[in-house]
$ cat upload_23.txt   # compact mmCIF, C-alpha atoms
# COMPACT_ATOMS: atom_id res chain seq x y z
CA MET A 171 0.00 0.00 0.00
CA SER A 172 1.35 3.39 -1.00
CA PHE A 173 1.96 6.16 1.44
CA LEU A 174 -0.82 8.29 -0.08
CA ALA A 175 -3.35 5.47 0.20
CA GLU A 176 -2.41 4.87 3.83
CA LEU A 177 -2.76 8.59 4.59
CA GLN A 178 -6.18 8.71 2.94
CA ARG A 179 -7.33 5.69 4.93
CA SER A 180 -6.15 7.29 8.19
CA ARG A 181 -7.97 10.50 7.40
CA SER A 182 -11.16 8.59 6.64
CA GLN A 183 -10.95 6.76 9.97
CA VAL A 184 -10.37 10.02 11.85
CA ALA A 185 -13.30 11.69 10.09
CA GLY A 186 -15.52 8.74 10.92
CA MET A 187 -14.48 8.87 14.56
CA ARG A 188 -15.15 12.60 14.71
CA GLY A 189 -18.60 12.17 13.18
CA PHE A 190 -19.53 9.46 15.65
CA THR A 191 -18.39 11.64 18.57
CA LEU A 192 -20.48 14.56 17.34
CA ILE A 193 -23.59 12.36 17.12
CA GLU A 194 -23.02 11.18 20.67
CA VAL A 195 -22.74 14.77 21.88
CA LEU A 196 -25.95 15.77 20.10
CA VAL A 197 -27.85 12.80 21.53
CA THR A 198 -26.58 13.62 24.99
CA ILE A 199 -27.70 17.24 24.63
CA VAL A 200 -31.18 16.15 23.48
CA ILE A 201 -31.52 13.76 26.44
CA MET A 202 -30.43 16.48 28.86
CA LEU A 203 -32.88 18.96 27.37
CA LEU A 204 -35.73 16.47 27.67
CA GLY A 205 -34.78 15.85 31.28
CA ILE A 206 -34.62 19.57 32.07
CA LEU A 207 -38.00 20.18 30.41
CA GLY A 208 -39.47 17.33 32.45
CA VAL A 209 -38.15 18.81 35.69
CA ILE A 210 -39.50 22.26 34.77
CA GLY A 211 -42.92 20.74 34.01
CA MET A 212 -42.96 18.90 37.34
CA GLN A 213 -42.02 22.07 39.22
CA ALA A 214 -44.77 24.05 37.48
CA ARG A 215 -47.31 21.36 38.30
CA SER A 216 -46.10 21.19 41.88
CA THR A 217 -46.46 24.97 42.23
CA ILE A 218 -50.05 24.85 40.99
CA MET A 219 -50.95 21.99 43.34
CA GLU A 220 -49.37 23.82 46.28
CA PHE A 221 -51.42 26.92 45.48
CA GLU A 222 -54.61 24.84 45.19
CA SER A 223 -53.87 23.33 48.59
CA TYR A 224 -53.15 26.77 50.05
CA GLN A 225 -56.46 28.15 48.78
CA ARG A 226 -58.42 25.22 50.21
CA GLY A 227 -56.68 25.63 53.55
CA GLU A 228 -57.55 29.32 53.65
CA ALA A 229 -61.16 28.58 52.74
CA LEU A 230 -61.49 25.98 55.48
CA SER A 231 -60.03 28.42 57.99
CA LEU A 232 -62.56 31.11 57.04
CA VAL A 233 -65.46 28.65 57.13
CA ARG A 234 -64.44 27.56 60.62
CA GLU A 235 -64.16 31.19 61.68
CA MET A 236 -67.78 31.89 60.72
CA GLN A 237 -68.85 28.56 62.22
CA VAL A 238 -67.57 29.77 65.60
CA HIS A 239 -69.53 33.02 65.24
CA LEU A 240 -72.73 31.14 64.44
CA THR A 241 -72.27 28.59 67.20
CA ASP A 242 -72.21 31.48 69.67
CA ALA A 243 -74.99 33.41 67.91
CA ARG A 244 -78.00 32.44 69.99
CA THR A 245 -78.49 35.99 71.27
CA ILE A 246 -78.29 37.49 67.76
CA VAL A 247 -79.53 34.57 65.67
CA THR A 248 -82.46 36.60 64.33
CA GLY A 249 -79.90 38.91 62.76
CA TYR A 250 -78.34 36.05 60.81
CA LEU A 251 -81.79 34.93 59.66
CA ASP A 252 -82.47 38.34 58.14
CA PRO A 253 -82.68 38.20 54.30
CA THR A 254 -80.04 40.93 53.97
CA VAL A 255 -77.51 38.66 55.69
CA SER A 256 -78.44 35.15 54.56
CA SER A 257 -80.57 33.41 51.95
CA THR A 258 -82.01 30.01 51.13
CA ASP A 259 -80.55 29.91 47.62
CA GLY A 260 -77.02 31.33 48.03
CA SER A 261 -77.87 34.61 46.31
CA VAL A 262 -76.66 36.69 49.26
CA TYR A 263 -72.90 36.63 49.70
CA VAL A 264 -69.94 38.69 50.87
CA GLY A 265 -66.38 38.90 49.62
CA SER A 266 -65.24 39.60 46.07
CA GLY A 267 -67.30 40.95 43.20
CA GLU A 268 -69.54 43.91 42.55
CA ASP A 269 -72.66 42.04 43.66
CA ALA A 270 -71.19 41.08 47.04
CA LYS A 271 -72.90 42.60 50.07
CA ASP A 272 -70.90 45.40 51.66
CA PHE A 273 -71.85 46.05 55.27
CA SER A 274 -68.97 48.46 55.87
CA ALA A 275 -69.08 52.21 56.37
CA GLY A 276 -66.36 53.63 54.16
CA SER A 277 -64.53 50.26 54.10
CA VAL A 278 -64.65 50.11 57.93
CA CYS A 279 -66.75 47.52 59.74
CA VAL A 280 -68.79 49.21 62.47
CA ALA A 281 -69.69 47.13 65.52
CA GLY A 282 -73.40 46.75 66.15
CA ALA A 283 -74.93 48.06 69.33
CA ALA A 284 -75.80 45.65 72.11
CA GLY A 285 -79.34 44.40 71.77
CA ALA A 286 -79.34 44.95 68.00
CA PRO A 287 -79.06 41.43 66.50
CA LEU A 288 -79.17 42.53 62.86
CA ALA A 289 -76.47 45.18 63.30
CA GLN A 290 -74.23 42.71 65.13
CA ALA A 291 -74.74 40.01 62.50
CA GLN A 292 -73.95 42.52 59.75
CA PHE A 293 -70.78 43.55 61.59
CA GLU A 294 -69.56 39.96 61.75
CA MET A 295 -70.45 39.39 58.09
CA CYS A 296 -68.59 42.59 57.22
CA GLN A 297 -65.43 41.33 58.89
CA TRP A 298 -65.81 37.95 57.24
CA GLY A 299 -66.28 39.56 53.84
CA GLN A 300 -63.10 41.59 54.21
CA ALA A 301 -61.18 38.48 55.27
CA LEU A 302 -62.43 36.75 52.12
CA GLN A 303 -60.96 39.61 50.10
CA GLY A 304 -57.58 39.14 51.77
CA ALA A 305 -57.80 42.01 54.23
CA ALA A 306 -56.07 39.88 56.84
CA VAL A 307 -52.79 40.26 54.92
CA VAL A 308 -52.06 43.60 53.28
CA GLU A 309 -48.95 44.74 51.43
CA ASP A 310 -48.28 48.43 50.91
CA PRO A 311 -45.88 48.93 48.01
CA SER A 312 -45.31 52.70 47.75
CA THR A 313 -48.76 54.14 48.43
CA THR A 314 -50.96 51.44 46.90
CA LYS A 315 -52.39 48.88 49.29
CA VAL A 316 -52.66 45.38 47.87
CA LYS A 317 -54.70 42.72 49.63
CA VAL A 318 -53.09 39.31 49.52
CA GLY A 319 -53.54 36.00 51.25
CA ALA A 320 -57.10 35.08 50.24
CA MET A 321 -58.42 32.81 47.53
CA ILE A 322 -59.01 34.02 43.97
CA GLY A 323 -62.51 35.49 43.65
CA ALA A 324 -63.56 34.27 47.10
CA ARG A 325 -67.23 34.57 48.07
CA GLY A 326 -68.87 33.51 51.32
CA CYS A 327 -72.51 32.62 51.97
CA VAL A 328 -74.68 31.83 54.95
CA ILE A 329 -77.45 29.65 53.55
CA ARG A 330 -80.60 28.97 55.60
CA VAL A 331 -82.22 25.54 55.77
CA VAL A 332 -85.98 25.92 56.15
CA PRO A 333 -87.46 24.49 58.25
CA ALA A 334 -84.62 24.02 60.70
CA GLU A 335 -84.01 20.47 61.89
CA ASN A 336 -84.23 19.31 65.51
CA ASN A 337 -86.16 22.43 66.55
CA ALA A 338 -82.98 24.46 66.26
CA LEU A 339 -83.08 28.24 66.41
CA ALA A 340 -81.24 28.24 63.09
CA ASP A 341 -80.06 25.63 60.61
CA LEU A 342 -77.36 27.14 58.40
CA TYR A 343 -74.69 26.22 55.87
CA VAL A 344 -71.52 28.29 55.98
CA THR A 345 -69.96 28.15 52.52
CA VAL A 346 -66.94 29.59 50.77
CA VAL A 347 -66.41 29.32 47.01
CA TRP A 348 -63.46 30.45 44.90
CA GLN A 349 -61.68 29.96 41.57
CA GLY A 350 -59.28 27.05 41.21
CA GLN A 351 -56.23 26.88 38.93
CA THR A 352 -56.84 23.61 37.12
CA LYS A 353 -60.01 22.04 35.76
CA GLY A 354 -61.66 19.50 38.05
CA VAL A 355 -65.00 18.19 39.22
CA GLU A 356 -67.26 21.05 40.26
CA PRO A 357 -69.61 20.91 43.28
CA ASP A 358 -73.13 19.60 42.77
CA PRO A 359 -75.28 22.58 41.65
CA LYS A 360 -77.83 21.71 44.36
CA SER A 361 -75.24 21.57 47.13
CA ALA A 362 -74.35 24.56 49.30
CA ALA A 363 -71.09 25.04 47.38
CA GLY A 364 -73.03 24.92 44.11
CA LEU A 365 -75.68 27.38 45.30
CA CYS A 366 -73.39 29.97 46.89
CA ALA A 367 -72.93 32.82 44.38
CA SER A 368 -74.25 30.50 41.68
CA GLY A 369 -74.47 33.42 39.25
CA VAL A 370 -70.68 33.82 39.31
CA ASP A 371 -68.87 32.05 36.47
CA PHE A 372 -65.45 30.91 37.67
CA GLY A 373 -64.79 29.09 34.40
CA THR A 374 -65.53 25.53 33.34
CA GLY A 375 -64.32 23.10 35.98
CA LEU A 376 -62.76 25.85 38.12
CA ARG A 377 -65.40 26.35 40.83
CA ARG A 378 -64.13 25.23 44.22
CA GLY A 379 -66.09 25.19 47.45
CA VAL A 380 -66.14 24.09 51.07
CA SER A 381 -69.04 24.23 53.49
CA VAL A 382 -70.08 23.21 56.97
CA ARG A 383 -73.55 22.87 58.45
CA VAL A 384 -74.27 24.65 61.71
CA LEU A 385 -77.23 24.08 64.00
CA VAL A 386 -77.83 26.82 66.56
CA PRO A 387 -79.67 24.95 69.33
CA ASP A 388 -82.53 26.29 71.37
CA LEU A 389 -81.37 25.94 74.97
CA THR A 390 -84.53 27.35 76.48
CA LYS A 391 -85.86 24.98 79.10
CA SER A 392 -89.57 24.33 79.05
CA SER A 393 -91.46 23.88 82.31
$ encode --input "upload_23.txt" --output "C-alpha cells"
Amino acid sequence: MSFLAELQRSRSQVAGMRGFTLIEVLVTIVIMLLGILGVIGMQARSTIMEFESYQRGEALSLVREMQVHLTDARTIVTGYLDPTVSSTDGSVYVGSGEDAKDFSAGSVCVAGAAGAPLAQAQFEMCQWGQALQGAAVVEDPSTTKVKVGAMIGARGCVIRVVPAENNALADLYVTVVWQGQTKGVEPDPKSAAGLCASGVDFGTGLRRGVSVRVLVPDLTKSS
C-alpha cells in the first residue's frame, strides 16, 4: 500500500471517529434537554398543586371562623336569619365581586350596638367579607395597598335551611367558594357550594367550594 493510500485511509478513519463523537454529543444534549423540560414541568405542576392546597386551607379556615360566630350566635340569631344577611338559595354573599354585600361604612366595619341582633350580624359578616378579600394580609408597596392572602374570587354565603331540623333556632350552611387553577369536578349545583354565588362564572371546571352545616340549638328549658 502506498503512502498516499495509507494517509487517505487514516484521514477517513479520523473523520468517521469525529462524526460518531459529534452524534453522541448531540444525543446527549437532546436527552439532557428532555430531562430539564421534564423537571421544569414537574415544578410548574407542583407549584399549581401547592397553590390549590393553600387556597383550600384558607377557605377551610374562614369557614371555621364563621362557624364559631354562628355557634355562639344564639343571642343574635335573628340577625343572621335576616334576608339581607343570609338566603335560602345562596344569592346573598360577601367577599369579592360587585354584587357582594358590603356592610362596611367607608370600608370600615362598624360594631353593632348591644341588643341589636341585625347590626351585630352585619358587623360579623362585614369582617368575614373583608377576610375573604384578603384584608387579613395587606402589602403596601409605595402608596398602593394590595390585599393578599385570600383565595381568587372568594365569596362567602350563609345559607338557611328551612325548616330548621331538631327544633334548632337556626339551621345554616356556611360556605366559601373560589376559583381554582386547574379544571376539576365542580360541586353539585344543588349543594351549598353549588348554590353559593351561583351566578358567578369561575370558568368551566374551576369552581371550588367548602361548606359546613351549623345548627344553633334552642337551649330554652320548658317547664
$ closest_residue --input "upload_23.txt" --among "A:Gly299, A:Gly364, A:Gly276, A:Pro357" --to "A:Tyr263" --atoms "all atoms listed in the file"
A:Gly299
$ atom_distance --input "upload_23.txt" --atom1 "atom CA of A:Tyr250" --atom2 "atom CA of A:Leu288"
6.8 Å
$ residues_around --input "upload_23.txt" --residues "A:Gln297" --least-positions-apart "5" --cutoff "9 Å" --atoms "all atoms listed in the file" --output "list of chain:residue names"
A:Phe273, A:Ser274, A:Val278, A:Cys279, A:Gln292, A:Leu302, A:Ala305
$ closest_residue --input "upload_23.txt" --among "A:Leu240, A:Val384, A:Val331, A:Leu232" --to "A:Ala301" --atoms "all atoms listed in the file"
A:Leu232
$ atom_distance --input "upload_23.txt" --atom1 "atom CA of A:Gly282" --atom2 "atom CA of A:Val380"
28.2 Å
$ closest_residue --input "upload_23.txt" --among "A:Gly369, A:Gly227, A:Gly379, A:Gly211" --to "A:Ala324" --atoms "all atoms listed in the file"
A:Gly379
$ atom_distance --input "upload_23.txt" --atom1 "atom CA of A:Ala270" --atom2 "atom CA of A:Ser381"
18.2 Å
$ closest_residue --input "upload_23.txt" --among "A:Ala338, A:Thr248, A:Val382, A:Val355" --to "A:Gly285" --atoms "all atoms listed in the file"
A:Thr248
$ closest_residue --input "upload_23.txt" --among "A:Pro387, A:Leu365, A:Pro287, A:Gln351" --to "A:Glu220" --atoms "all atoms listed in the file"
A:Gln351
$ build_atoms --input "upload_23.txt" --residues "stretch 265-276 of chain A" --atoms "all heavy atoms" --output "compact mmCIF listing (two decimals), in the frame of the given file"
# COMPACT_ATOMS: atom_id res chain seq x y z
N GLY A 265 -67.69 39.22 50.17
CA GLY A 265 -66.38 38.90 49.62
C GLY A 265 -66.11 39.67 48.34
O GLY A 265 -66.38 40.87 48.25
N SER A 266 -65.63 38.97 47.33
CA SER A 266 -65.24 39.60 46.07
C SER A 266 -66.44 39.82 45.15
O SER A 266 -67.47 39.16 45.29
CB SER A 266 -64.20 38.73 45.36
OG SER A 266 -63.08 38.49 46.18
N GLY A 267 -66.27 40.73 44.21
CA GLY A 267 -67.30 40.95 43.20
C GLY A 267 -68.20 42.14 43.48
O GLY A 267 -68.45 42.49 44.63
N GLU A 268 -68.68 42.73 42.42
CA GLU A 268 -69.54 43.91 42.55
C GLU A 268 -70.87 43.60 43.23
O GLU A 268 -71.47 44.48 43.86
CB GLU A 268 -69.80 44.51 41.16
CG GLU A 268 -68.55 45.07 40.48
CD GLU A 268 -68.85 45.66 39.12
OE1 GLU A 268 -70.03 45.55 38.68
OE2 GLU A 268 -67.94 46.22 38.48
N ASP A 269 -71.36 42.39 43.08
CA ASP A 269 -72.66 42.04 43.66
C ASP A 269 -72.56 41.55 45.11
O ASP A 269 -73.57 41.19 45.71
CB ASP A 269 -73.33 40.95 42.81
CG ASP A 269 -73.70 41.47 41.42
OD1 ASP A 269 -73.99 42.67 41.29
OD2 ASP A 269 -73.69 40.67 40.47
N ALA A 270 -71.36 41.52 45.66
CA ALA A 270 -71.19 41.08 47.04
C ALA A 270 -71.75 42.13 47.99
O ALA A 270 -71.62 43.34 47.76
CB ALA A 270 -69.72 40.83 47.35
N LYS A 271 -72.37 41.68 49.06
CA LYS A 271 -72.90 42.60 50.07
C LYS A 271 -71.74 43.32 50.77
O LYS A 271 -70.73 42.70 51.11
CB LYS A 271 -73.71 41.82 51.10
CG LYS A 271 -75.08 41.38 50.64
CD LYS A 271 -76.07 42.54 50.68
CE LYS A 271 -77.48 42.07 50.39
NZ LYS A 271 -78.45 43.19 50.51
N ASP A 272 -71.92 44.61 50.96
CA ASP A 272 -70.90 45.40 51.66
C ASP A 272 -71.56 46.05 52.88
O ASP A 272 -72.34 46.99 52.75
CB ASP A 272 -70.33 46.46 50.73
CG ASP A 272 -69.21 47.27 51.38
OD1 ASP A 272 -68.81 46.91 52.51
OD2 ASP A 272 -68.77 48.26 50.78
N PHE A 273 -71.25 45.53 54.05
CA PHE A 273 -71.85 46.05 55.27
C PHE A 273 -70.94 47.07 55.96
O PHE A 273 -71.18 47.43 57.11
CB PHE A 273 -72.14 44.90 56.24
CG PHE A 273 -73.13 43.91 55.72
CD1 PHE A 273 -72.73 42.64 55.35
CD2 PHE A 273 -74.47 44.24 55.59
CE1 PHE A 273 -73.65 41.71 54.86
CE2 PHE A 273 -75.40 43.33 55.11
CZ PHE A 273 -74.99 42.05 54.74
N SER A 274 -69.91 47.52 55.26
CA SER A 274 -68.97 48.46 55.87
C SER A 274 -69.44 49.90 55.71
O SER A 274 -70.33 50.20 54.89
CB SER A 274 -67.58 48.31 55.24
OG SER A 274 -67.60 48.74 53.89
N ALA A 275 -68.83 50.77 56.49
CA ALA A 275 -69.08 52.21 56.37
C ALA A 275 -67.76 52.85 55.96
O ALA A 275 -66.88 53.05 56.78
CB ALA A 275 -69.57 52.78 57.69
N GLY A 276 -67.62 53.09 54.65
CA GLY A 276 -66.36 53.63 54.16
C GLY A 276 -65.22 52.65 54.33
O GLY A 276 -64.13 53.03 54.74
